[in-house]
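Undergrad: Just dropping this structure here.
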Amino acid sequence: MELFERFETQLKADPKTIVFTEGPDARILSAASRLLAGGVLKVILLGNADAVNKAAAEGGFDITGAEIIDPASYEGLDEMVAKMVELRKGKMTEEQCRAAMAKGNYFGTMLVKMGKADCLLGGATYSTADTVRPALQLIKCKPGVKSVSSCFILVRGEEKLAMGDCAINIDPAEDDIVEITLQTAQTASVFGIDPRVALLSYSTKGSGKGDSVDKMRNATARVQAEHPELKVDGELQFDAAVAPEVGQLKAPGSTVAGYANTFIFPDINAGNIGYKIAQRLGGFEAYGPILQGLNAPINDLSRGCNAEEVYKMALITAALI
């Protein structure tokens, strides 16, 4: 079964509630109408009800069954503001929290925090930072996780790859690389990938020197020691990670070298460039960034996204619950 058909079937059995922070956006409305028509997800659209309904009518989108919530007139706003003040622990005043709650990104995140929605998808008009910041402040990290990271899933026919971190951590430290490795392997599994994880570098098994090489090598050793059930190797150059004739020459006996399908980059420069090369020159469809490590699924859209991408990211977000 095709990946997204599998997600649809899985979600229909127990539809979750997703909140879209940008309700009047035509791309959001198109995706919402498909989700509702298929009985895949329950939908909350944020925005002025008249504006949302007008935009839906103009676009020919049937959003019957969606709940439209206007943050400006929400009856439970005082309760949500009080909860946000409590969560911010003196870092924001009541006045500041109330002002933040007027924005869809903060309001939607609080709906998830208070259990009124299961997950959130935003960023059609917000920046990545504007989606991630409320999540970090209000949803926070899972127990035992210190930082949020991201992963892209790349699909070409039946082939699926995972790549992290390509969008969040600029220059992750060794501890961060360990977390990124574990989180990306877990995300890969959700997508039906049996992760064979390569921690990438310009060096393979000591062929090069430098702080970045040491970081990836040390992180590999820690993951291997703490999680022997995972197939992980590094540090590996990309050709050693994906080409069997190179991988088995440079890392003989490795269960990963030459056969990797999950890639961990040393920094955001390499990660962002790497996934876009795969997308633009390799013909892969790229889905993400998928945020990892949060207590609830919160995901970010590209501001250049189309309705099909919104629909698929909604499925991905709900599938991570």
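Residues in the structure tokens are named by chain (A, B, ... in the order shown) and by number from 1 within that chain; ligands are numbered from 1 in the order shown.
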Show me, as JSON lines, the residues of range 51-128 of chain A having an atom within 12 Å of range 272-288 of chain A, each with the closest atom pair and its distance in Å, using only C-alpha atoms.

TA:
{"residue": "A:Leu121", "atom": "CA", "partner": "A:Gly288", "partner_atom": "CA", "distance": 11.2}
{"residue": "A:Gly122", "atom": "CA", "partner": "A:Gly288", "partner_atom": "CA", "distance": 12.0}
{"residue": "A:Gly123", "atom": "CA", "partner": "A:Gly288", "partner_atom": "CA", "distance": 11.5}
{"residue": "A:Thr128", "atom": "CA", "partner": "A:Gly288", "partner_atom": "CA", "distance": 11.2}

Undergrad: For the residues selected in the previous step, produce a file with C-alpha atoms as a PDB file, in the first residue's frame.

TA:
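Heads up, here's the output in out-v8.pdb:
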ATOM      1  CA  LEU A 121       0.084  22.258  11.394  1.00  0.00           C
ATOM      2  CA  GLY A 122       1.131  25.818  10.626  1.00  0.00           C
ATOM      3  CA  GLY A 123       3.595  27.862   8.656  1.00  0.00           C
ATOM      4  CA  THR A 128       9.527  28.215  10.942  1.00  0.00           C
TER       5      THR A 128
END

Undergrad: Need the shell around Phe61 in chain A: protein/DNA/RNA residues with any atom at most 8 Å away, counting only C-alpha atoms. Skip same-chain ones fewer than 4 positions apart. Format as a PyMOL selection string?

TA: chain A and resi 29-30+33+56-57

Undergrad: I need the strand (DSSP E) residues of range 92-255 of chain A per DSSP on the backbone, written as a ChimeraX atom specification.

TA: /A:119-122,149-156,159-164,196-200,231-236

Undergrad: List every residue of range 214-304 of chain A that DSSP, applied to the backbone of this structure, places in helix (DSSP H, G or I), and write the result as a VMD selection string.

TA: chain A and resid 214 to 226 238 to 242 244 to 250 268 to 280

Undergrad: With only C-alpha atoms as the atoms that count, which of A:Asp239, A:Ala219, A:Thr109, A:Ala296 lies nearest to Thr317 in chain A?

TA: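 Selected residue with least distance to Thr317 in chain A: A:Ala296.
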
Undergrad: Quick one: residues within 9 Å of Ser212 in chain A, only C-alpha atoms counted, chain neighbours fewer than 5 positions away excluded, as an mmCIF file with C-alpha atoms, in the first residue's frame?

TA:
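Writing the result to result-v8.cif gives the following:
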data_model
loop_
_atom_site.group_PDB
_atom_site.id
_atom_site.type_symbol
_atom_site.label_atom_id
_atom_site.label_comp_id
_atom_site.auth_asym_id
_atom_site.auth_seq_id
_atom_site.Cartn_x
_atom_site.Cartn_y
_atom_site.Cartn_z
ATOM 1 C CA SER A 201 31.176 13.495 7.565
ATOM 2 C CA TYR A 202 33.901 14.446 5.110
ATOM 3 C CA ARG A 217 32.572 9.653 15.497
ATOM 4 C CA PRO A 266 26.915 17.320 11.101
ATOM 5 C CA ASP A 267 25.247 20.745 10.768
#

Undergrad: Can you tell me which residues surround Thr220 in chain A at a distance of at most 8 Å, considering only C-alpha atoms, apart from same-chain residues fewer than 4 positions away, and format the answer as a list in words?

TA: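 Neighbouring residues, sequence-local ones excluded: Val178, Leu199, Met216, Gln224, Val232, Asp233, Gly234 and Glu235 of chain A.
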
Undergrad: Could you save the residues just selected, with N, CA, C and O atoms, as a compact mmCIF listing (two decimals), in the first residue's frame?

TA:
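Final output, saved to out_35.txt:
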# COMPACT_ATOMS: atom_id res chain seq x y z
N VAL A 178 23.50 12.95 19.11
CA VAL A 178 22.99 11.69 19.66
C VAL A 178 21.46 11.71 19.66
O VAL A 178 20.81 10.75 19.22
N LEU A 199 25.98 8.34 10.22
CA LEU A 199 26.36 9.67 10.68
C LEU A 199 27.43 10.18 9.73
O LEU A 199 28.53 9.62 9.64
N MET A 216 31.04 13.55 15.12
CA MET A 216 30.23 12.48 14.52
C MET A 216 30.72 11.10 14.95
O MET A 216 29.91 10.19 15.19
N GLN A 224 25.81 3.61 19.55
CA GLN A 224 26.04 2.16 19.44
C GLN A 224 26.09 1.50 20.82
O GLN A 224 25.55 0.40 21.01
N VAL A 232 23.63 1.43 13.30
CA VAL A 232 24.20 2.78 13.23
C VAL A 232 25.69 2.66 12.96
O VAL A 232 26.37 1.82 13.55
N ASP A 233 26.21 3.52 12.07
CA ASP A 233 27.65 3.55 11.86
C ASP A 233 28.07 4.96 11.47
O ASP A 233 27.28 5.76 10.99
N GLY A 234 29.34 5.25 11.71
CA GLY A 234 29.90 6.55 11.40
C GLY A 234 31.30 6.65 11.97
O GLY A 234 31.73 5.74 12.69
N GLU A 235 32.04 7.66 11.69
CA GLU A 235 31.64 8.66 10.73
C GLU A 235 31.87 8.11 9.31
O GLU A 235 32.85 7.40 9.06

Undergrad: Need to verify the contact set: range 14-20 of chain A, 10 Å, only C-alpha atoms, exclusion of same-chain residues closer than 5 positions in sequence. Can you return it as number ranges by chain?

TA: A: 8-9, 25, 28-29, 32, 35, 39-47, 66-69, 104-105, 107-109, 111-112, 115-124, 297-298, 310, 314-315, 317-319, 321

Undergrad: Please provide the set of residues having any atom within 9 Å of range 82-91 of chain A, restricted to only C-alpha atoms, with same-chain residues fewer than 4 positions apart removed, written as an MDAnalysis selection string.

TA: chainID A and resid 77:78 96:98 101 110 114 137:138
